[in-house]
Every structure is written in C-alpha cells, then in structure tokens.
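Chemist: One file is attached below, query-v9.cif, containing mmCIF, C-alpha atoms.
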```cif
data_protein
loop_
_atom_site.label_atom_id
_atom_site.label_comp_id
_atom_site.auth_asym_id
_atom_site.auth_seq_id
_atom_site.Cartn_x
_atom_site.Cartn_y
_atom_site.Cartn_z
CA MET H 101 52.15 13.57 -6.68
CA LYS H 102 50.79 16.11 -9.06
CA ARG H 103 48.92 13.41 -10.98
CA ARG H 104 47.39 12.02 -7.75
CA SER H 105 46.28 15.50 -6.70
CA PHE H 106 44.66 16.04 -10.07
CA VAL H 107 42.74 12.74 -9.87
CA LYS H 108 41.58 13.49 -6.30
CA ALA H 109 40.39 16.94 -7.34
CA GLY H 110 38.45 15.44 -10.24
CA LEU H 111 36.73 12.88 -8.00
CA ALA H 112 35.87 15.56 -5.47
CA ALA H 113 34.24 17.63 -8.18
CA LEU H 114 32.07 14.68 -9.18
CA LEU H 115 30.84 14.28 -5.60
CA VAL H 116 29.69 17.89 -5.20
CA PRO H 117 25.85 18.00 -4.82
CA VAL H 118 23.95 19.07 -7.94
CA PRO H 119 22.57 22.60 -7.47
CA ALA H 120 18.80 22.98 -7.32
CA GLU H 121 18.91 24.99 -10.53
CA ALA H 122 20.47 22.07 -12.35
CA GLN H 123 17.88 19.66 -10.94
CA GLN H 124 15.18 21.84 -12.44
CA ARG H 125 16.53 21.01 -15.90
CA LYS H 126 14.53 17.78 -15.85
CA THR H 127 11.60 18.07 -18.23
CA PHE H 128 8.29 17.14 -16.64
CA ARG H 129 5.36 16.12 -18.82
CA VAL H 130 1.95 17.47 -17.81
CA GLY H 131 -1.27 16.22 -19.36
CA PHE H 132 -4.31 18.48 -19.48
CA LEU H 133 -7.75 16.93 -20.02
CA SER H 134 -10.88 19.02 -20.52
CA ALA H 135 -14.47 18.21 -21.35
CA GLY H 136 -14.76 21.67 -22.86
CA THR H 137 -13.47 23.62 -25.79
CA ARG H 138 -9.90 23.85 -27.07
CA THR H 139 -7.73 26.73 -25.86
CA PRO H 140 -6.66 29.24 -28.54
CA ASP H 141 -3.18 27.72 -28.84
CA GLY H 142 -4.24 24.13 -28.18
CA SER H 143 -2.05 23.87 -25.07
CA ALA H 144 -2.81 23.83 -21.35
CA PRO H 145 -4.39 27.04 -19.96
CA GLY H 146 -2.05 30.00 -19.72
CA ALA H 147 -2.65 30.48 -15.98
CA LEU H 148 -1.45 26.92 -15.31
CA ARG H 149 1.71 27.40 -17.36
CA GLU H 150 2.40 30.78 -15.78
CA GLY H 151 1.90 29.33 -12.32
CA LEU H 152 4.46 26.58 -12.90
CA SER H 153 6.91 29.03 -14.44
CA LYS H 154 6.66 31.29 -11.36
CA LEU H 155 7.42 28.26 -9.19
CA GLY H 156 10.65 27.69 -11.10
CA HIS H 157 9.54 24.98 -13.51
CA ALA H 158 10.78 26.27 -16.85
CA ASN H 159 11.17 22.85 -18.45
CA VAL H 160 7.65 21.49 -18.72
CA ALA H 161 6.17 19.77 -21.77
CA TYR H 162 2.38 19.98 -22.06
CA GLU H 163 0.03 17.50 -23.71
CA ALA H 164 -3.53 18.87 -23.90
CA ARG H 165 -6.66 17.03 -25.00
CA PHE H 166 -10.16 18.54 -25.35
CA ALA H 167 -13.46 16.66 -25.72
CA GLU H 168 -15.20 19.77 -27.17
CA GLY H 169 -18.39 18.82 -25.33
CA ASN H 170 -18.39 15.24 -26.72
CA LEU H 171 -18.09 13.57 -23.34
CA GLU H 172 -17.93 10.07 -24.82
CA ARG H 173 -14.47 10.99 -26.14
CA LEU H 174 -13.01 11.53 -22.67
CA PRO H 175 -12.02 7.91 -21.86
CA ALA H 176 -9.98 7.60 -25.07
CA LEU H 177 -8.37 11.01 -24.56
CA ALA H 178 -7.45 10.12 -20.97
CA ALA H 179 -5.95 6.81 -22.09
CA GLU H 180 -3.97 8.68 -24.72
CA LEU H 181 -2.43 10.96 -22.08
CA VAL H 182 -1.55 8.00 -19.87
CA GLY H 183 0.06 6.31 -22.88
CA LEU H 184 2.28 9.37 -23.34
CA LYS H 185 3.69 8.67 -19.85
CA VAL H 186 2.86 12.08 -18.42
CA ASP H 187 4.03 12.82 -14.87
CA ALA H 188 0.62 14.20 -13.86
CA ILE H 189 -2.77 15.08 -15.34
CA VAL H 190 -4.72 18.27 -14.64
CA ALA H 191 -8.38 17.47 -15.32
CA GLN H 192 -11.05 20.11 -15.92
CA GLY H 193 -14.60 18.95 -15.26
CA GLY H 194 -16.07 16.09 -13.26
CA MET H 195 -16.34 13.77 -16.24
CA ALA H 196 -12.72 14.49 -17.20
CA ILE H 197 -11.54 13.64 -13.68
CA LEU H 198 -13.54 10.40 -13.71
CA ALA H 199 -12.18 9.43 -17.15
CA ALA H 200 -8.62 10.08 -16.00
CA LYS H 201 -9.15 8.09 -12.81
CA GLN H 202 -10.53 5.16 -14.80
CA ALA H 203 -7.51 5.33 -17.13
CA THR H 204 -4.87 5.20 -14.39
CA SER H 205 -4.52 4.44 -10.70
CA THR H 206 -0.91 5.63 -10.50
CA VAL H 207 -0.52 8.91 -12.43
CA PRO H 208 -1.40 11.86 -10.12
CA ILE H 209 -4.61 13.67 -11.16
CA ILE H 210 -5.24 17.28 -10.16
CA ALA H 211 -8.84 18.53 -10.24
CA ALA H 212 -8.95 22.16 -11.44
CA PRO H 213 -10.88 24.33 -11.66
CA VAL H 214 -13.57 23.33 -9.16
CA SER H 215 -15.41 20.38 -10.68
CA GLY H 216 -17.90 19.55 -7.95
CA ASP H 217 -17.68 17.88 -4.58
CA LEU H 218 -14.87 15.33 -4.98
CA VAL H 219 -15.88 13.45 -1.82
CA ALA H 220 -19.56 13.17 -2.74
CA ALA H 221 -18.60 12.02 -6.23
CA GLY H 222 -16.43 9.25 -4.75
CA LEU H 223 -13.24 10.63 -6.30
CA ILE H 224 -11.41 11.15 -2.98
CA ALA H 225 -11.85 9.66 0.48
CA SER H 226 -11.74 13.01 2.31
CA PRO H 227 -10.32 16.48 1.72
CA ALA H 228 -7.64 15.95 4.40
CA ARG H 229 -6.56 12.52 3.11
CA PRO H 230 -7.59 11.96 -0.54
CA GLY H 231 -6.20 8.43 -0.36
CA GLY H 232 -5.81 7.68 -4.08
CA ASN H 233 -4.25 9.38 -7.09
CA VAL H 234 -6.76 12.28 -7.22
CA THR H 235 -6.54 15.59 -5.35
CA GLY H 236 -6.99 19.28 -6.19
CA LEU H 237 -9.88 21.70 -5.79
CA THR H 238 -13.22 20.58 -4.42
CA ASP H 239 -16.60 22.22 -3.75
CA GLU H 240 -18.42 23.11 -0.57
CA SER H 241 -21.50 21.95 -2.44
CA VAL H 242 -24.12 22.34 0.30
CA ALA H 243 -23.16 25.86 1.41
CA LEU H 244 -22.35 27.02 -2.11
CA SER H 245 -25.65 25.83 -3.62
CA ALA H 246 -27.58 27.56 -0.85
CA LYS H 247 -25.61 30.78 -1.34
CA ARG H 248 -26.24 30.84 -5.08
CA MET H 249 -29.95 30.26 -4.59
CA GLU H 250 -30.07 33.05 -2.00
CA ILE H 251 -28.38 35.47 -4.41
CA LEU H 252 -30.78 34.53 -7.20
CA LYS H 253 -33.75 35.00 -4.89
CA GLN H 254 -32.38 38.40 -3.84
CA ALA H 255 -32.04 39.42 -7.49
CA VAL H 256 -35.51 38.11 -8.38
CA PRO H 257 -37.55 38.28 -5.14
CA LYS H 258 -40.81 37.20 -6.80
CA ALA H 259 -39.32 34.03 -8.30
CA ALA H 260 -41.50 31.10 -7.25
CA LEU H 261 -40.53 28.60 -9.99
CA ILE H 262 -36.83 28.21 -10.80
CA ALA H 263 -35.69 25.92 -13.60
CA VAL H 264 -32.42 24.13 -12.85
CA LEU H 265 -30.57 22.95 -15.94
CA TRP H 266 -27.71 20.45 -15.56
CA ASN H 267 -25.85 17.64 -17.28
CA ALA H 268 -27.35 14.44 -15.87
CA ASN H 269 -24.50 12.37 -17.36
CA ASP H 270 -22.09 14.01 -14.93
CA GLN H 271 -22.44 12.54 -11.43
CA GLY H 272 -20.82 15.59 -9.85
CA MET H 273 -23.32 17.92 -11.52
CA THR H 274 -26.23 15.68 -10.54
CA LEU H 275 -25.08 15.87 -6.92
CA ARG H 276 -24.93 19.65 -7.26
CA TYR H 277 -28.48 19.69 -8.64
CA GLN H 278 -29.65 17.73 -5.60
CA GLU H 279 -28.07 20.29 -3.27
CA ILE H 280 -29.72 23.13 -5.22
CA GLU H 281 -33.05 21.35 -4.83
CA LYS H 282 -32.54 21.15 -1.05
CA ALA H 283 -31.64 24.84 -0.90
CA ALA H 284 -34.76 25.70 -2.90
CA ARG H 285 -36.97 23.87 -0.39
CA GLN H 286 -35.47 25.96 2.41
CA LEU H 287 -36.34 29.10 0.44
CA LYS H 288 -39.84 27.75 -0.33
CA VAL H 289 -39.15 27.85 -4.06
CA GLU H 290 -40.34 25.20 -6.55
CA VAL H 291 -37.66 23.64 -8.75
CA GLN H 292 -38.33 22.74 -12.36
CA PRO H 293 -35.72 20.05 -13.21
CA VAL H 294 -34.34 20.32 -16.76
CA SER H 295 -31.72 17.65 -17.39
CA LEU H 296 -29.39 17.28 -20.37
CA ARG H 297 -27.26 14.39 -21.53
CA GLY H 298 -25.79 15.85 -24.71
CA ARG H 299 -25.94 18.65 -27.27
CA ALA H 300 -29.04 17.16 -28.88
CA ASP H 301 -31.05 17.79 -25.69
CA PHE H 302 -30.87 21.59 -25.70
CA ASP H 303 -33.82 22.11 -28.03
CA ALA H 304 -36.03 19.87 -25.89
CA ALA H 305 -34.87 21.70 -22.76
CA PHE H 306 -35.73 25.07 -24.32
CA ALA H 307 -39.12 23.74 -25.44
CA GLU H 308 -39.87 22.55 -21.91
CA MET H 309 -39.03 25.96 -20.42
CA THR H 310 -41.12 27.65 -23.10
CA ARG H 311 -44.16 25.48 -22.33
CA ARG H 312 -43.82 26.08 -18.62
CA ARG H 313 -42.02 29.36 -18.28
CA PRO H 314 -39.97 29.60 -15.07
CA ASP H 315 -39.46 32.84 -13.16
CA ALA H 316 -35.70 32.29 -13.22
CA ILE H 317 -33.11 29.75 -14.41
CA PHE H 318 -30.14 28.27 -12.55
CA ILE H 319 -27.46 26.89 -14.90
CA VAL H 320 -25.13 24.25 -13.42
CA ALA H 321 -21.76 24.62 -15.14
CA ASP H 322 -19.82 21.73 -16.61
CA GLY H 323 -18.08 21.15 -19.96
CA LEU H 324 -21.37 20.62 -21.81
CA THR H 325 -23.19 23.69 -20.52
CA THR H 326 -20.12 25.93 -20.64
CA LEU H 327 -19.38 24.98 -24.24
CA ASN H 328 -22.99 25.82 -25.13
CA ARG H 329 -23.27 28.87 -22.87
CA LYS H 330 -24.08 31.30 -25.70
CA ARG H 331 -27.15 29.23 -26.62
CA LEU H 332 -28.24 29.27 -22.98
CA ILE H 333 -27.68 33.01 -22.61
CA GLU H 334 -29.50 33.75 -25.88
CA PHE H 335 -32.47 31.62 -24.84
CA ALA H 336 -32.73 33.37 -21.46
CA ALA H 337 -32.55 36.76 -23.21
CA SER H 338 -35.14 35.86 -25.86
CA GLN H 339 -37.58 34.65 -23.17
CA ARG H 340 -36.68 37.54 -20.83
CA ILE H 341 -35.88 35.11 -17.99
CA PRO H 342 -33.28 36.09 -15.35
CA ALA H 343 -30.59 33.45 -14.93
CA MET H 344 -27.91 32.56 -12.38
CA TYR H 345 -24.60 31.09 -13.54
CA GLU H 346 -21.63 29.63 -11.71
CA PHE H 347 -18.69 31.36 -13.41
CA SER H 348 -18.03 34.92 -14.58
CA VAL H 349 -17.34 33.75 -18.15
CA TYR H 350 -21.14 33.52 -18.51
CA THR H 351 -21.77 37.12 -17.41
CA GLN H 352 -18.96 38.32 -19.66
CA ASP H 353 -20.90 36.75 -22.54
CA GLY H 354 -24.16 38.44 -21.52
CA GLY H 355 -25.48 36.37 -18.62
CA LEU H 356 -27.19 38.19 -15.77
CA ILE H 357 -25.42 37.10 -12.60
CA ALA H 358 -22.70 34.65 -11.56
CA TYR H 359 -21.18 33.52 -8.28
CA GLY H 360 -18.22 31.20 -8.22
CA PRO H 361 -14.45 30.74 -8.11
CA SER H 362 -11.98 32.18 -10.60
CA PHE H 363 -10.62 29.88 -13.33
CA GLU H 364 -7.31 31.76 -13.21
CA ASP H 365 -7.01 31.31 -9.43
CA ALA H 366 -7.84 27.62 -9.79
CA PHE H 367 -5.16 26.94 -12.39
CA GLN H 368 -2.60 28.85 -10.29
CA ARG H 369 -3.53 26.58 -7.36
CA ALA H 370 -3.21 23.53 -9.63
CA ALA H 371 0.34 24.64 -10.40
CA SER H 372 1.18 24.51 -6.68
CA PHE H 373 -0.11 20.90 -6.52
CA LEU H 374 2.05 19.99 -9.51
CA ASP H 375 5.07 21.68 -7.93
CA ARG H 376 4.75 19.48 -4.85
CA ILE H 377 4.25 16.35 -6.94
CA PHE H 378 7.35 17.15 -9.02
CA LYS H 379 9.25 17.38 -5.73
CA GLY H 380 8.17 13.88 -4.70
CA ALA H 381 4.83 14.31 -2.91
CA LYS H 382 2.05 11.76 -3.46
CA ALA H 383 -1.44 12.82 -4.52
CA ALA H 384 -2.87 10.60 -1.77
CA ASP H 385 -1.11 12.75 0.85
CA LEU H 386 -1.88 16.19 -0.60
CA PRO H 387 -5.06 17.57 1.02
CA ALA H 388 -7.70 18.75 -1.41
CA GLU H 389 -8.45 22.45 -1.12
CA TYR H 390 -11.49 24.69 -1.32
CA PRO H 391 -11.37 27.88 -3.38
CA ALA H 392 -9.86 30.78 -1.42
CA ARG H 393 -12.79 32.98 -2.41
CA TYR H 394 -15.82 33.24 -4.67
CA TYR H 395 -16.58 36.15 -6.99
CA LEU H 396 -19.95 37.80 -7.58
CA THR H 397 -20.43 39.31 -11.03
CA VAL H 398 -23.52 41.28 -12.07
CA ASN H 399 -24.30 42.36 -15.63
CA LEU H 400 -26.42 45.53 -15.37
CA LYS H 401 -26.75 45.77 -19.16
CA THR H 402 -28.54 42.42 -19.13
CA ALA H 403 -30.64 43.45 -16.13
CA ASP H 404 -31.77 46.57 -18.02
CA SER H 405 -32.70 44.51 -21.08
CA LEU H 406 -34.83 42.26 -18.84
CA GLY H 407 -36.48 45.22 -17.14
CA LEU H 408 -35.03 43.97 -13.85
CA THR H 409 -33.77 46.20 -11.04
CA ILE H 410 -30.90 44.57 -9.17
CA PRO H 411 -31.03 45.38 -5.43
CA PRO H 412 -28.36 47.95 -4.44
CA VAL H 413 -26.91 45.58 -1.84
CA LEU H 414 -25.94 43.05 -4.55
CA ILE H 415 -24.33 45.77 -6.63
CA LEU H 416 -22.46 47.01 -3.57
CA ILE H 417 -20.99 43.60 -2.69
CA ALA H 418 -20.34 42.51 -6.30
CA ASP H 419 -16.70 42.01 -7.27
CA THR H 420 -17.44 43.03 -10.85
CA VAL H 421 -20.33 45.07 -12.24
CA ILE H 422 -20.72 45.10 -16.01
CA LYS H 423 -22.43 48.32 -17.16
#
```
Can the structure in the file be given as structure tokens, please?

Modeler:
Amino acid sequence: MKRRSFVKAGLAALLVPVPAEAQQRKTFRVGFLSAGTRTPDGSAPGALREGLSKLGHANVAYEARFAEGNLERLPALAAELVGLKVDAIVAQGGMAILAAKQATSTVPIIAAPVSGDLVAAGLIASPARPGGNVTGLTDESVALSAKRMEILKQAVPKAALIAVLWNANDQGMTLRYQEIEKAARQLKVEVQPVSLRGRADFDAAFAEMTRRRPDAIFIVADGLTTLNRKRLIEFAASQRIPAMYEFSVYTQDGGLIAYGPSFEDAFQRAASFLDRIFKGAKAADLPAEYPARYYLTVNLKTADSLGLTIPPVLILIADTVIK
C-alpha cells in the first residue's frame, strides 16, 4: 500500500500545472534590423531590452544587424536573421521593414520606431487589422506633415521657399515627402525637392541648395539621413539656414527644431508587441498603433547662431528647450 501511495503521489506531482514563472524560462530569440548605425554594444536598443525585462521576459537572446546607411545590405541582413530562426524581428526604418517582409512571410515583424505610414507603404492592410506578419507603430502622415510644416512656418514666418530633403529610395519617405508637399501648398509655400539615394548624393544636394538658397530646410528622417545628420546640421549652420527635423536626436546634435515621437517610447511599445507575440498572438491580429504623443524640441543656441528669434509661443509649448 505504501508503494502504491508513493507512485500515485509521484504521478500527481507530474500533472501539476507548470507555474507561469517556469514557463518564462523559455528563451525567445529576437532579431533587430536597422538601416542605421550600430548601437554602442552591438545589441538591440536598450529601451527595447528594458521593456521586455519589465514585462517579465528575462530570457531573451538578441540578434542585431545594422546596415550602417548601406541600404543595399538590408535584404542579406534580413535573410540572415530569418536563417537564425528568430521568434520575431523588430525593424527600424521603412527599408528595414520592407527587407524583413521580403525575407519572410511567417516571422512576426514589429515596426519601431515610427517608420512612416505602414498602410500607405503597403506594409499592412489597415491599422485595425494588419492582415500579414507586420504590425507595430505607424504614422499619421497627413496630419503630422502638416503640423511640422506649420511649426516651421511659425519659427520662420518669412520662409517662402522650403527645401525638402529625403531618401527617394525609401517608399515610405517618398510618401512622406508627398504629404509635406501638399501641406506646403496649403500654407502657400514653394517646395524645393532635394532627393537622395545614397551617401554619394549629399554633395550634390548641398550644391543644389547653395545655388538656389532656400529660406528653410525640412529633413525627412530615415536611416540614411539620420546616419548623416551631422553633415546635414553642419551644412545648415554654415549656410545659416533654419531647419526642421523629425526627431530630437537632431536638435541634441545642434539642429534648430524637431517635432516627432520618442525613440525610447517607441521601443518600449515594441516590447509590448513582442510580449503579446510570445504569449501566442499573431501579428496579423495585433492592431498597429500611433505614437501616444509627439515631442517638440527647440535649440535656442542654434537659433541665436542663425540670428533667428523663436516665437515665445513655440518656446512655451516646447517639451525641451536647449539653451
């Protein structure tokens, strides 16, 4: 009898449900693909890792790949991540998302930070029902482009000719340029289109804006322009041209004004998408999200160097003022 009781007790122990803590011991593999520059430690961004850790995912292995502005490398890097059998890919930049989507139709792809209008770029069917293996953060491109142009016009009221510089190889950024052009027409401002397709095009772009000097510049941010942001900021400073940027990293490096979402917020949001995917959700069923808020940053040091007086109302509503 004692032996039977012992055997029954052992079988009962085997049938006890595995605690959630034990289930978390599974190691998930997350791929990170960026068109931009390598992070200091070569891994996925710290905000993404911290976000997953806060959600209880301590056992995550990261595989990060960076194109360093050489966009032609993205397809091979995406294929490499898929070959490593990652559970999901977080893609930074429209071209990175496209490369990942072309490399796999099954591995979930999370767009973060905001990489353009995912619907307009054909990457998802709709924000509510993405429908494929891509979801994440998307742009309100029409409203956002108009808002940025309005802020730039407030900062430089006399601006009649605004150069818009963007990466024409990135469909998402081209769509954003088109929305900026529409917003400019509403404000009765002429747009000077300055397109890039690679690093070799910057000198020609600068020469064009030197020949026909705009009253202001609008920089559309992607991996190519962000990687070369110091060249863009130095050119604007040398020509004493006010410039609008899309992320605060530009103003931190000396740019005049920026309006856009936070990279840190975006990667924290990406972590929540990954959390749901690790728990069995499908990317096709996870609604894409818009940024919770946008941040206005004004660099008054740069304004002073340009001899530009920023209207008090912009300073008052700015989230960050660099003095």

Chemist: Which residue out of H:Phe347, H:Phe373, H:Tyr394, H:Phe378 has the minimum interatomic distance to Arg129 of chain H when only C-alpha atoms are used?

Modeler: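 For Arg129 of chain H, the nearest of the candidates is H:Phe378.
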
Chemist: Can you tell me how far atom CA of Pro412 of chain H sits from atom CA of Glu346 of chain H, in Å to one decimal?

Modeler: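 Those two atoms sit 20.8 Å apart.
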
Chemist: Which residues of segment 254-364 of chain H come within 12 Å of segment 170-192 of chain H, and for each one, what is the closest pair of atoms and their distance in Å to one decimal, counting only C-alpha atoms, sorted by chain and residue number, as a tab-separated table?

Modeler:
```
residue	atom	partner	partner_atom	distance
H:Asn267	CA	H:Leu171	CA	10.7
H:Ala268	CA	H:Leu171	CA	11.9
H:Asn269	CA	H:Leu171	CA	8.8
H:Asp270	CA	H:Leu171	CA	9.3
H:Arg297	CA	H:Leu171	CA	9.4
H:Gly298	CA	H:Asn170	CA	7.7
H:Arg299	CA	H:Asn170	CA	8.3
H:Ala300	CA	H:Asn170	CA	11.0
H:Ala321	CA	H:Gln192	CA	11.6
H:Asp322	CA	H:Gln192	CA	8.9
H:Gly323	CA	H:Gln192	CA	8.2
H:Leu324	CA	H:Asn170	CA	7.9
H:Thr325	CA	H:Asn170	CA	11.5
H:Thr326	CA	H:Gln192	CA	11.8
H:Leu327	CA	H:Asn170	CA	10.1
H:Asn328	CA	H:Asn170	CA	11.6
H:Phe363	CA	H:Gln192	CA	10.1
```

Chemist: When distances are computed from only C-alpha atoms, which of H:Pro208, H:Gly136, H:Pro293, H:Gly355 shows the smallest separation from Gly231 of chain H?

Modeler: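 Comparing H:Pro208, H:Gly136, H:Pro293, H:Gly355 against Gly231 of chain H, the winner is H:Pro208.
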
Chemist: I'd like the contact shell of Gln286 of chain H - 12 Å cut-off, all atoms listed in the file, skipping same-chain residues fewer than 2 positions apart - returned as a PyMOL selection string.

Modeler: chain H and resi 245-247+249-250+253+279-284+288-291

Chemist: Using only C-alpha atoms, I'd like a table of the residues in segment 348-371 of chain H that come within 7 Å of segment 148-153 of chain H; for each, show the closest atom pair and its distance in Å rounded to one decimal, ordered by chain and ascending number, as a tab-separated table.

Modeler:
```
residue	atom	partner	partner_atom	distance
H:Phe367	CA	H:Leu148	CA	4.7
H:Gln368	CA	H:Gly151	CA	5.0
H:Ala370	CA	H:Leu148	CA	6.8
H:Ala371	CA	H:Leu152	CA	5.2
```

Chemist: I'd like the contact shell of Ile209 of chain H - 10 Å cut-off, only C-alpha atoms, skipping same-chain residues fewer than 2 positions apart - returned as a list in words.

Modeler: Gly131, Phe132, Leu133, Asp187, Ala188, Ile189, Val190, Ala191, Ile197, Leu198, Ala200, Lys201, Thr204, Ser205, Thr206, Val207, Ala211, Ala212, Gly232, Asn233, Val234, Thr235, Gly236, Phe373, Leu374 and Ala383 of chain H

Chemist: One decimal, Å: what's the distance from atom CA of Gly142 of chain H over to atom CA of Ala164 of chain H, could you say?

Modeler: 6.8 Å

Chemist: One decimal, in Å: what's the spacing between atom CA of Ala259 of chain H and atom CA of Leu287 of chain H?

Modeler: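 Answer for the atom CA of Ala259 of chain H to atom CA of Leu287 of chain H separation: 10.5 Å.
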
Chemist: Looking at all atoms listed in the file, which of H:Arg376, H:Val219, H:Arg276, H:Glu364 is the one that sits closest to Leu155 of chain H?

Modeler: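 Closest to Leu155 of chain H, using all atoms listed in the file: H:Arg376.
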
Chemist: Might you spell out which residues the PyMOL selection byres ((chain H and resi 229) around 8) would select in the displayed file, as a PyMOL selection string?

Modeler: chain H and resi 224-228+230-231+384-388

Chemist: Considering only C-alpha atoms, give me a table of residues in segment 338-404 of chain H that are at most 8 Å from segment 313-316 of chain H, with the closest atom pair and distance in Å for each, as CSV.

Modeler:
```
residue,atom,partner,partner_atom,distance
H:Ile341,CA,H:Ala316,CA,5.5
H:Pro342,CA,H:Ala316,CA,5.0
H:Ala343,CA,H:Ala316,CA,5.5
H:Met344,CA,H:Ala316,CA,7.8
```

Chemist: How would the residues just picked look written out with C-alpha atoms as a PDB file, in the frame of the given file?

Modeler:
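Generated output (selection_20.pdb):
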```pdb
ATOM      1  CA  ILE H 341     -35.880  35.110 -17.990  1.00  0.00           C
ATOM      2  CA  PRO H 342     -33.280  36.090 -15.350  1.00  0.00           C
ATOM      3  CA  ALA H 343     -30.590  33.450 -14.930  1.00  0.00           C
ATOM      4  CA  MET H 344     -27.910  32.560 -12.380  1.00  0.00           C
TER       5      MET H 344
END
```

Chemist: Would you mind telling me which residue in H:Tyr277, H:Tyr350, H:Trp266, H:Phe166 lies nearest to Ala305 of chain H when using all atoms listed in the file?

Modeler: H:Trp266
